[in-house]
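Everything below concerns the one structure shown next.
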Amino acid sequence: MKGYVFHGPGEASWEDVPDPGIKEPTDAIVKVSAVTICGTDLHILKGDVPEVRPGTVLGHEAVGEIVETGSDVRTVRPGERVLLSCVTSCGRCRYCREGVYGQCLGGGGWILGHTIDGTQAEYVRVPYADLSVHPLPGTLASEDAVLLADIFPTSYEVGVLNGRVRPGDTVVIVGAGPIGLAAIATARLFSPERIIAVDLAPARLEAARRFGADAVAEVHEAPHQLVADLTDGLGADVAIEAVGVPDTFELCTRVVRPGGHVANVGVHGKPATLHLEDLWIRDVTITTGLVDTYSTPTLLRMAAAGRLPTGQLVTHTFPLEQMERAYDVFSRAAETGALKVVLGGEQHELAVPTA
């Protein structure tokens with residue numbers, strides 16, 4: 001089969017790789033019908049995630065059809081269309097029994113495209129299939145469903161829920177890429193008073209308005225002053241970091257109010273300064289996290305009911321074999337206007353302004 005193989009920082013290619021097979025009785029083999037590229041995949045290509053070994057097939061988000069199952073798999077069978085979760089769960093260890101699947105000690109957690117071959121291929125082996133794939137309703141299109149493999153549960157759990165967004169809050173979301181936009185959409189479920197989006201790119205700020213941001217600011221426009229002006233000097237109740245660079249994390253700690261929450265979602269490849277000389281007296285709560293995907297069944301029901309703007313995030317689609325072109329478009333989002341790219345299914349390209 002073909003797969004997108006990581007060969008080291010800055011090097012990857014769509015090439016022949018061995019077909020996956022059943023290794024454990026809890027495995028399933030899935031034929032990939034739709035897959036997407038995550039910002040984390042770009043971090044891997046930059047060398048920010050050194051645990052990923054050269055020779056690994058990338059990707060941790062997909063929709064596909066079960067083609068084979070191990071002898072212990074009970075909840076899915078060949079022929080079923082399923083969503084592959086970005087996080088795998090053994091279901092038995094202490095963390096899994098507490099619903100903290102991202103920290104699984106039994107061989108799960110974030111393993112696809114990280115410690116084992118991932119989903120950016122024609123076929124993929126999924127360990128612990130009973131707990132790590134979700135049967136899909138026929139009404140939910142694959143290009144919509146694939147966004148529930150990672151970005152929507154990540155934004156919802158690690159950003160909105162960890163940040164404890166409540167009715168009447170002022171929420172600042174730094175980064176209006178796919179994760180930030182999904183955070184806007186899911187924060188709105190809690191009826192905040194206002195959502196403020198911050199980004200470098202005017203096109204992404206315009207997308208943030210479409211997703212429900214009440215105010216936007218470019219980074220060079222002193223966003224901390226905008227937040228102060230809109231909150232009578234108090235600051236944001238919740239600041240969600242959705243980029244993964246030191247400056248955006250530090251901006252979140254500057255705009256949050258005393259007693260507020262900073263929820264870090266971004267994948268960081270470099271150290272960020274924690275200004276405890278300013279923060280120690282302000283009762284600020286800072287959370288980090290890898291998504292656990294406990295919310296995926298709920299989000300799936302909401303998406304099937306038309307309650308989540310999943311399709312609005314998909315700006316480009318490609319055939320699966322055009323993986324290298326899709327990576328190029330996604331990595332140059334400021335030029336191409338890309339939000340999420342999906343490979344597989346019907347191909348189209350939305351007209352998205354880039355300036």
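Here, A, B, ... name the chains of the structure tokens in the order displayed, residue numbers run from 1 inside each chain, and ligands are numbered from 1 in the same displayed order.
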
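Note that DSSP on the backbone gives strand (DSSP E or B) to these residues of segment 97-202 of chain A: Gly109, Leu112, Ile116, Ala121, Tyr123, Val124, Arg125, Val126, Val133, His134, Pro135, Thr170, Val171, Val172, Ile173, Val174, Arg194, Ile195, Ile196, Ala197, Val198 and Asp199 of chain A.
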
Extract, using only C-alpha atoms, all DNA, RNA and protein residues at most 10 Å from segment 76-83 of chain A, discarding same-chain residues fewer than 4 positions from it, and format them as a PyMOL selection string.
chain A and resi 28-34+61-70+129-138+142+145-149+296+300

Helix (DSSP H, G or I) per DSSP on the backbone: members of segment 105-268 of chain A, as number ranges by chain:
A: 129-132, 142-148, 151-161, 178-190, 202-211, 219-221, 223-230, 246-255

Give me, please, the distance in Å between atom CA of Lys270 of chain A and atom CA of Glu206 of chain A, quoted to one decimal.
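It comes out at 28.7 Å.
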
Closest of A:Met323, A:Ile44, A:Val57, A:Val245 to Ala272 of chain A - atom-to-atom distances counting only C-alpha atoms:
A:Val245

Quote the spacing between atom CA of Thr154 of chain A and atom CA of Leu226 of chain A in Å to one decimal place.
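Straight-line distance from atom CA of Thr154 of chain A to atom CA of Leu226 of chain A works out to 26.9 Å.
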